Structures are given as C-alpha cells and as structure tokens.
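Structure data follow from final_17.cif (mmCIF, C-alpha atoms and all ligand atoms):
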```cif
data_final
#
loop_
_atom_site.group_PDB
_atom_site.id
_atom_site.type_symbol
_atom_site.label_atom_id
_atom_site.label_comp_id
_atom_site.auth_asym_id
_atom_site.auth_seq_id
_atom_site.Cartn_x
_atom_site.Cartn_y
_atom_site.Cartn_z
ATOM 1 C CA MET A 267 42.467 -98.784 27.222
ATOM 2 C CA TYR A 268 41.000 -96.573 29.925
ATOM 3 C CA GLU A 269 43.492 -93.812 29.134
ATOM 4 C CA ARG A 270 42.100 -93.768 25.574
ATOM 5 C CA GLU A 271 38.554 -93.588 26.970
ATOM 6 C CA LYS A 272 39.506 -90.784 29.344
ATOM 7 C CA ALA A 273 40.969 -88.842 26.427
ATOM 8 C CA ALA A 274 37.806 -89.390 24.336
ATOM 9 C CA VAL A 275 35.390 -88.373 27.081
ATOM 10 C CA SER A 276 37.462 -85.362 28.089
ATOM 11 C CA ARG A 277 37.358 -84.053 24.503
ATOM 12 C CA ALA A 278 33.570 -84.570 24.457
ATOM 13 C CA GLY A 279 33.388 -82.606 27.715
ATOM 14 C CA ALA A 280 35.501 -79.793 26.278
ATOM 15 C CA ARG A 281 33.067 -79.478 23.369
ATOM 16 C CA LEU A 282 30.261 -78.601 25.834
ATOM 17 C CA VAL A 283 32.054 -75.375 26.757
ATOM 18 C CA GLU A 284 31.011 -72.320 24.778
ATOM 19 C CA SER A 285 32.795 -69.021 24.381
ATOM 20 C CA GLY A 286 32.371 -66.769 27.439
ATOM 21 C CA MET A 287 30.948 -69.474 29.699
ATOM 22 C CA ARG A 288 31.773 -69.654 33.420
ATOM 23 C CA VAL A 289 33.003 -73.200 33.958
ATOM 24 C CA GLY A 290 33.968 -75.211 37.037
ATOM 25 C CA LEU A 291 36.697 -77.835 36.727
ATOM 26 C CA GLY A 292 36.947 -80.770 39.148
ATOM 27 C CA SER A 293 40.074 -82.816 39.688
ATOM 28 C CA GLY A 294 41.829 -86.009 38.630
ATOM 29 C CA SER A 295 43.444 -87.496 35.543
ATOM 30 C CA THR A 296 40.323 -87.103 33.345
ATOM 31 C CA VAL A 297 40.098 -83.443 34.288
ATOM 32 C CA THR A 298 43.800 -82.981 33.517
ATOM 33 C CA LEU A 299 43.117 -84.260 29.978
ATOM 34 C CA LEU A 300 40.027 -82.033 29.818
ATOM 35 C CA VAL A 301 42.120 -78.996 30.764
ATOM 36 C CA GLU A 302 44.580 -79.771 27.962
ATOM 37 C CA ALA A 303 41.683 -80.025 25.473
ATOM 38 C CA LEU A 304 40.191 -76.760 26.733
ATOM 39 C CA GLY A 305 43.536 -75.022 26.264
ATOM 40 C CA GLU A 306 43.277 -75.903 22.560
ATOM 41 C CA LEU A 307 39.522 -75.599 22.000
ATOM 42 C CA ARG A 308 38.176 -73.063 24.472
ATOM 43 C CA PRO A 309 40.680 -70.601 25.961
ATOM 44 C CA ASP A 310 37.971 -67.897 25.688
ATOM 45 C CA ALA A 311 35.918 -68.992 28.722
ATOM 46 C CA THR A 312 36.413 -68.299 32.443
ATOM 47 C CA TYR A 313 37.303 -71.183 34.756
ATOM 48 C CA VAL A 314 37.232 -72.112 38.431
ATOM 49 C CA ALA A 315 39.524 -74.925 39.645
ATOM 50 C CA ALA A 316 38.481 -77.303 42.437
ATOM 51 C CA SER A 317 42.022 -78.388 43.337
ATOM 52 C CA LEU A 318 45.539 -77.034 43.354
ATOM 53 C CA SER A 319 46.633 -79.617 40.755
ATOM 54 C CA THR A 320 43.810 -78.550 38.417
ATOM 55 C CA GLU A 321 44.761 -74.935 39.044
ATOM 56 C CA ARG A 322 48.370 -75.638 38.034
ATOM 57 C CA ALA A 323 47.308 -77.573 34.924
ATOM 58 C CA ALA A 324 44.844 -74.856 33.919
ATOM 59 C CA ARG A 325 47.467 -72.140 34.235
ATOM 60 C CA ALA A 326 49.882 -74.215 32.144
ATOM 61 C CA ALA A 327 47.170 -74.614 29.479
ATOM 62 C CA GLY A 328 46.620 -70.843 29.366
ATOM 63 C CA LEU A 329 43.090 -70.894 30.838
ATOM 64 C CA ARG A 330 41.722 -67.841 32.651
ATOM 65 C CA LEU A 331 41.109 -68.778 36.306
ATOM 66 C CA VAL A 332 39.136 -66.827 38.885
ATOM 67 C CA PRO A 333 38.001 -67.653 42.438
ATOM 68 C CA LEU A 334 34.495 -69.124 42.663
ATOM 69 C CA ASP A 335 33.391 -66.265 44.933
ATOM 70 C CA GLU A 336 34.083 -63.814 42.090
ATOM 71 C CA LEU A 337 31.477 -65.549 39.894
ATOM 72 C CA GLY A 338 29.004 -66.907 42.433
ATOM 73 C CA GLU A 339 27.249 -69.047 39.845
ATOM 74 C CA LEU A 340 28.674 -71.225 37.075
ATOM 75 C CA ASP A 341 27.102 -72.139 33.743
ATOM 76 C CA LEU A 342 28.687 -75.564 33.721
ATOM 77 C CA ALA A 343 30.897 -77.776 35.880
ATOM 78 C CA LEU A 344 32.846 -80.763 34.536
ATOM 79 C CA ASP A 345 34.444 -83.481 36.627
ATOM 80 C CA GLY A 346 35.424 -87.136 36.718
ATOM 81 C CA SER A 347 34.193 -89.740 39.193
ATOM 82 C CA ASP A 348 35.380 -92.939 40.871
ATOM 83 C CA GLN A 349 32.002 -94.719 40.601
ATOM 84 C CA VAL A 350 28.700 -94.018 38.802
ATOM 85 C CA ASP A 351 25.769 -96.331 39.455
ATOM 86 C CA ASP A 352 22.546 -97.183 37.657
ATOM 87 C CA ALA A 353 20.531 -94.798 39.840
ATOM 88 C CA GLY A 354 22.913 -91.897 39.102
ATOM 89 C CA TRP A 355 24.759 -91.851 42.432
ATOM 90 C CA LEU A 356 28.444 -90.975 42.315
ATOM 91 C CA VAL A 357 31.328 -91.761 44.615
ATOM 92 C CA LYS A 358 34.042 -89.115 44.311
ATOM 93 C CA GLY A 359 37.156 -88.154 46.214
ATOM 94 C CA GLY A 360 39.684 -90.790 45.182
ATOM 95 C CA GLY A 361 41.923 -87.772 44.656
ATOM 96 C CA ALA A 362 40.830 -86.261 48.000
ATOM 97 C CA ALA A 363 39.311 -83.178 46.369
ATOM 98 C CA HIS A 364 35.628 -84.035 46.944
ATOM 99 C CA THR A 365 34.832 -81.160 49.320
ATOM 100 C CA ARG A 366 35.787 -78.445 46.855
ATOM 101 C CA GLU A 367 34.445 -80.515 43.943
ATOM 102 C CA LYS A 368 31.010 -80.672 45.574
ATOM 103 C CA ILE A 369 30.984 -76.903 46.191
ATOM 104 C CA VAL A 370 31.898 -76.288 42.541
ATOM 105 C CA ALA A 371 29.316 -78.806 41.248
ATOM 106 C CA ALA A 372 26.567 -77.300 43.409
ATOM 107 C CA ALA A 373 27.373 -73.803 42.117
ATOM 108 C CA ALA A 374 26.795 -74.885 38.513
ATOM 109 C CA ARG A 375 23.507 -74.750 36.625
ATOM 110 C CA ARG A 376 24.653 -77.913 34.850
ATOM 111 C CA PHE A 377 27.046 -80.498 36.333
ATOM 112 C CA VAL A 378 28.377 -83.012 33.814
ATOM 113 C CA VAL A 379 30.419 -86.068 34.812
ATOM 114 C CA LEU A 380 33.016 -87.515 32.442
ATOM 115 C CA VAL A 381 34.010 -91.163 32.916
ATOM 116 C CA SER A 382 35.679 -94.104 31.258
ATOM 117 C CA SER A 383 33.590 -97.299 31.130
ATOM 118 C CA ASP A 384 35.342 -98.909 34.134
ATOM 119 C CA LYS A 385 33.657 -96.355 36.431
ATOM 120 C CA LEU A 386 30.150 -97.710 35.802
ATOM 121 C CA VAL A 387 28.853 -99.994 38.564
ATOM 122 C CA PRO A 388 25.365 -101.395 39.198
ATOM 123 C CA ARG A 389 25.398 -99.985 42.746
ATOM 124 C CA ILE A 390 27.939 -97.748 44.435
ATOM 125 C CA GLY A 391 29.957 -99.239 47.278
ATOM 126 C CA PRO A 392 32.776 -98.482 49.708
ATOM 127 C CA PRO A 393 35.179 -96.874 50.178
ATOM 128 C CA VAL A 394 33.427 -93.505 50.487
ATOM 129 C CA PRO A 395 35.956 -90.675 50.857
ATOM 130 C CA LEU A 396 35.525 -88.262 53.757
ATOM 131 C CA GLU A 397 37.083 -84.997 54.810
ATOM 132 C CA VAL A 398 36.992 -84.446 58.572
ATOM 133 C CA LEU A 399 38.013 -81.533 60.766
ATOM 134 C CA SER A 400 41.504 -81.813 62.228
ATOM 135 C CA PHE A 401 39.957 -81.398 65.710
ATOM 136 C CA ALA A 402 39.376 -84.837 67.330
ATOM 137 C CA PRO A 403 39.362 -86.880 64.102
ATOM 138 C CA ALA A 404 39.352 -90.175 66.066
ATOM 139 C CA VAL A 405 36.095 -89.181 67.795
ATOM 140 C CA THR A 406 34.516 -88.144 64.480
ATOM 141 C CA LEU A 407 35.563 -91.363 62.729
ATOM 142 C CA ALA A 408 34.393 -93.524 65.652
ATOM 143 C CA ARG A 409 30.971 -91.892 65.356
ATOM 144 C CA VAL A 410 30.938 -92.559 61.594
ATOM 145 C CA GLY A 411 32.013 -96.189 62.195
ATOM 146 C CA ASP A 412 34.070 -98.383 59.823
ATOM 147 C CA ALA A 413 36.210 -95.386 58.880
ATOM 148 C CA ARG A 414 39.885 -94.560 59.074
ATOM 149 C CA LEU A 415 42.301 -91.851 58.008
ATOM 150 C CA ARG A 416 43.780 -92.379 54.543
ATOM 151 C CA PRO A 417 47.478 -93.269 54.978
ATOM 152 C CA GLU A 418 50.104 -90.911 53.626
ATOM 153 C CA THR A 419 47.552 -88.410 52.367
ATOM 154 C CA PRO A 420 48.220 -84.757 53.191
ATOM 155 C CA PRO A 421 45.452 -82.540 54.602
ATOM 156 C CA SER A 422 43.228 -80.776 52.105
ATOM 157 C CA PRO A 423 44.205 -77.200 51.178
ATOM 158 C CA ASP A 424 41.481 -76.163 53.630
ATOM 159 C CA GLY A 425 43.105 -78.051 56.529
ATOM 160 C CA GLY A 426 40.737 -81.035 56.687
ATOM 161 C CA LEU A 427 41.983 -84.612 57.088
ATOM 162 C CA ILE A 428 41.187 -87.189 54.426
ATOM 163 C CA ALA A 429 39.595 -90.469 55.514
ATOM 164 C CA ASP A 430 37.499 -93.273 54.016
ATOM 165 C CA TYR A 431 34.338 -95.017 55.177
ATOM 166 C CA PHE A 432 34.412 -98.777 54.532
ATOM 167 C CA GLY A 433 30.981 -99.792 55.850
ATOM 168 C CA PRO A 434 27.919 -100.763 53.825
ATOM 169 C CA VAL A 435 26.390 -98.357 51.299
ATOM 170 C CA ASP A 436 23.076 -100.180 50.885
ATOM 171 C CA ASP A 437 21.036 -96.972 51.109
ATOM 172 C CA PRO A 438 23.163 -94.117 49.738
ATOM 173 C CA ARG A 439 20.581 -91.448 50.645
ATOM 174 C CA ALA A 440 20.422 -92.571 54.293
ATOM 175 C CA LEU A 441 24.220 -92.784 54.484
ATOM 176 C CA ALA A 442 24.641 -89.332 52.894
ATOM 177 C CA ASP A 443 22.129 -87.862 55.381
ATOM 178 C CA ARG A 444 23.907 -89.545 58.303
ATOM 179 C CA LEU A 445 27.346 -88.315 57.202
ATOM 180 C CA ASP A 446 25.972 -84.800 56.594
ATOM 181 C CA ALA A 447 24.632 -84.826 60.164
ATOM 182 C CA THR A 448 27.824 -86.137 61.825
ATOM 183 C CA PRO A 449 29.710 -83.431 63.722
ATOM 184 C CA GLY A 450 33.262 -83.083 62.407
ATOM 185 C CA VAL A 451 32.536 -84.479 58.931
ATOM 186 C CA VAL A 452 33.280 -81.615 56.555
ATOM 187 C CA ALA A 453 32.115 -83.429 53.421
ATOM 188 C CA HIS A 454 31.745 -86.904 51.959
ATOM 189 C CA GLY A 455 32.195 -88.273 48.465
ATOM 190 C CA LEU A 456 28.577 -89.316 47.860
ATOM 191 C CA PHE A 457 27.092 -87.097 45.148
ATOM 192 C CA ALA A 458 23.317 -87.485 44.811
ATOM 193 C CA PRO A 459 21.677 -88.013 41.400
ATOM 194 C CA GLU A 460 19.846 -84.666 41.548
ATOM 195 C CA LEU A 461 23.203 -82.868 41.502
ATOM 196 C CA VAL A 462 24.171 -84.510 38.219
ATOM 197 C CA ALA A 463 22.691 -83.272 34.944
ATOM 198 C CA ASP A 464 24.498 -85.695 32.630
ATOM 199 C CA VAL A 465 27.067 -88.457 32.710
ATOM 200 C CA LEU A 466 29.187 -88.909 29.576
ATOM 201 C CA VAL A 467 30.747 -92.359 29.255
ATOM 202 C CA ALA A 468 33.462 -93.431 26.837
ATOM 203 C CA ARG A 469 33.524 -97.009 25.565
ATOM 204 C CA GLY A 470 36.500 -97.398 23.285
ATOM 205 C CA ASP A 471 36.418 -94.261 21.124
ATOM 206 C CA THR A 472 32.633 -93.795 21.389
ATOM 207 C CA VAL A 473 31.167 -91.376 23.907
ATOM 208 C CA SER A 474 27.514 -91.682 24.956
ATOM 209 C CA GLY A 475 25.181 -89.906 27.321
ATOM 210 C CA ARG A 476 24.707 -92.273 30.271
ATOM 211 C CA ARG A 477 21.090 -91.222 30.848
ATOM 212 C CA THR A 478 19.968 -91.625 27.261
ATOM 213 C CA GLY A 479 22.607 -94.007 25.892
ATOM 214 C CA ALA A 480 22.568 -91.853 22.764
ATOM 215 C CA PRO A 481 25.871 -91.403 20.926
ATOM 216 C CA LEU A 482 27.082 -87.797 21.098
HETATM 217 C C1 LIG B 501 39.038 -86.505 42.818
HETATM 218 C C2 LIG B 501 37.917 -87.190 42.114
HETATM 219 C C3 LIG B 501 38.157 -87.644 40.715
HETATM 220 O O1 LIG B 501 37.202 -87.057 39.888
HETATM 221 C C4 LIG B 501 38.049 -89.141 40.672
HETATM 222 O O2 LIG B 501 38.993 -89.687 41.593
HETATM 223 C C5 LIG B 501 38.307 -89.695 39.263
HETATM 224 O O3 LIG B 501 39.648 -89.499 38.933
HETATM 225 P P1 LIG B 501 40.263 -89.947 37.525
HETATM 226 O O4 LIG B 501 39.708 -89.030 36.485
HETATM 227 O O5 LIG B 501 41.745 -89.779 37.732
HETATM 228 O O6 LIG B 501 39.890 -91.383 37.286
HETATM 229 O O7 LIG B 501 36.846 -87.377 42.634
HETATM 230 O O8 LIG B 501 38.690 -86.161 44.132
#
```
As structure tokens, please, write out the structure in this file.
Ligand code: 5RP
Amino acid sequence: MYEREKAAVSRAGARLVESGMRVGLGSGSTVTLLVEALGELRPDATYVAASLSTERAARAAGLRLVPLDELGELDLALDGSDQVDDAGWLVKGGGAAHTREKIVAAAARRFVVLVSSDKLVPRIGPPVPLEVLSFAPAVTLARVGDARLRPETPPSPDGGLIADYFGPVDDPRALADRLDATPGVVAHGLFAPELVADVLVARGDTVSGRRTGAPL
C-alpha cells in the first residue's frame, strides 16, 4: 500500500525537475524511487546527494552528481519525511541523514517534500533524531534530556553520532531553538514550516499538494 504511494509521489516529484536544473536529493526509500524515476525522466539535470546511499543510487541511475559547494545554490530540493503535521512541521532523520538533508534543503530556492499518506500526523511527536559531536556525547544528551544514542547505528559520514530525543514536542519552535542552542548538538530532525515550499502526498494512486489539497 505505502510502497505504491511512495512510487506515485516519487514520480510526481520527478516531474517537477526541468532540464538543466540544479537539484538536491535527500535520502530514504522514497528518494531511492525518485532517483530511479529521474534516471528515466530527467538525466539532463545536475544533482547533489544528501547521503552516501542516495549517491550510490544516483550513480547507478546515470544521474550527474556534483558536490553542493560547486553549485552553492539549488533550484529545487526533493526529500521524504518521517512525519508531516498540520502546521507544516516535519520530523526527519529516521535514516540518520537529517544533518546533510537540512543543509541541502536550506540551499534550495524550493524544498518539496514527498510522502505517502501514513506520514501525515495532526501534530509531530517524538522521537526527534539528533546528530551529536563524538566528543562527550553523554554530557550533550544529558543536557538535551530524554535522549539516547540510537543502537547499532554507525556514525554519520561526517563523524557525528546519531541519537534520538524522546521527550515532549508540544512546542516544536521552542524545542528546535533549544536544540539549536545546545552545545554538542550538530543538528536535529525538526524542519520548520518556512523551510518547506510544498508537501506532495500520495493517497492510493492520487497525488495532491498538501497545502492546497489540489490534485496534481
Ligand atoms: C532520512 C529521512 C527520510 O526522508 C525519512 O526517514 C523518510 O524515509 P522513507 O522515504 O524511507 O519513508 O529523513 O534521514
């Protein structure tokens, strides 16, 4: 069911890419399907990958990849999400790639999120993924509170340790500000609504814009 929705929304995402665009690609199973669709529909754009697995998939699909620093700015970034709420907040990082994903999303003039219908929630909640510096992670996580290292998860390609925060998320803005201000927290998986231009949601085979509800 959700695999069919992921396939539908990833094809809708691929259709947003135009020839010659500079496009950021996030990470996860939806993005893997997106990469396959882009290999068929849009090999004539330039791509940046937010994770090593996306990089491998993109190379296999014949996409042209460059480092983000070579482009500076992106026309579009496309990514999946673990949760999307009514106010437009996202929780990302189930695949532990949220630090690079946020950098890629922030570099894009338009960041579009592609989700199956199970990702919609009235209000986001825990767990919120974290990446913390490998120096004194216990001290950092104690300061965050209600947080622990994710078992059996390797460090990020940038050397950070992956953890999750399990406390309340009643006020996502206040929590995001607190995590941003905590020494040792490299990045968290809360993505604020102002970062997100559009959310495309698949229900069955139909894909709609989350903000407008209009069929695409
Ligand atoms: C990885 C992510 C993914 O976008 C998120 O986990 C959704 O993954 P999937 O498309 O496999 O459901 O944030 O860090």
Problem - Separation of atom CA of A:Glu269 from atom CA of A:Ser422 in Å - result: 26.4 Å
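Distance-wise, atom CA of A:Pro417 and atom CA of A:Leu456 end up 20.6 Å apart.
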Problem - Atom-to-atom span, atom CA of A:Arg389 and atom CA of A:Gln349, Å - result: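 Interatomic distance, atom CA of A:Arg389 to atom CA of A:Gln349: 8.7 Å.
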To test the calculation: enclose all listed atoms of stretch 354-366 of chain A in a box whose edges run along x, y and z, add 6 Å on each side, then state centre and edge lengths in Å to one decimal, as AutoDock Vina command-line options.
```
--center_x 32.4 --center_y -85.2 --center_z 44.2 --size_x 31.0 --size_y 25.5 --size_z 22.2
```
Practice task
Write as an MDAnalysis selection string the residues around ligand LIG 501 (chain B), taking 10 Å as the cut-off and counting only C-alpha atoms and all ligand atoms.
Solution key: chainID A and resid 268:269 272 276 291:300 316:317 344:349 356:368 379:382 384:385 395 455:456
Handout entry: Which residue of A:Ala353, A:Met287, A:Val378, A:Leu415 approaches A:Val275 most closely, using all atoms listed in the file
Key =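 Checking each candidate against A:Val275, we get A:Val378 as the closest.
Closest approach to A:Ile428 from the set A:Val451, A:Leu396, A:Glu284, A:Thr406 is made by A:Leu396, with distances taken over all atoms listed in the file.
For A:Arg376, the non-local neighbours within 10 Å, defined as residues at least 6 positions apart in the same chain or in other chains and counting all atoms listed in the file, are Val289, Gly290, Leu340, Asp341, Leu342, Ala343, Leu344, Leu461, Val462, Ala463 and Asp464 of chain A.
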Practice task
Can you pull out every residue within 9 Å of A:Pro309, counting all atoms listed in the file, but drop anything in the same chain fewer than 2 positions away, and send it as a count of residues only?
Solution key: 11
Practice task
Mind listing whatever residues come within 8 Å of the point (34.6, -91.8, 24.4)? Use all atoms listed in the file, file coordinates, and give them as an MDAnalysis selection string.
Solution key: chainID A and resid 270:276 278 382 467:474
Problem - Surrounding residues of A:Tyr431 excluding itself and chain neighbours under 3 positions, 10 Å, only C-alpha atoms, as a list in words - result: Gly391, Pro392, Pro393, Val394, Pro395, Leu396, Leu407, Val410, Gly411, Asp412, Ala413, Arg414, Leu415, Arg416, Pro434, Val435, Leu445, His454 and Gly455 of chain A
Handout entry: Shell of 8 Å around A:Leu331, all atoms listed in the file, local chain residues under 3 positions omitted, as a PyMOL selection string
Key = chain A and resi 312-315+321+324-325
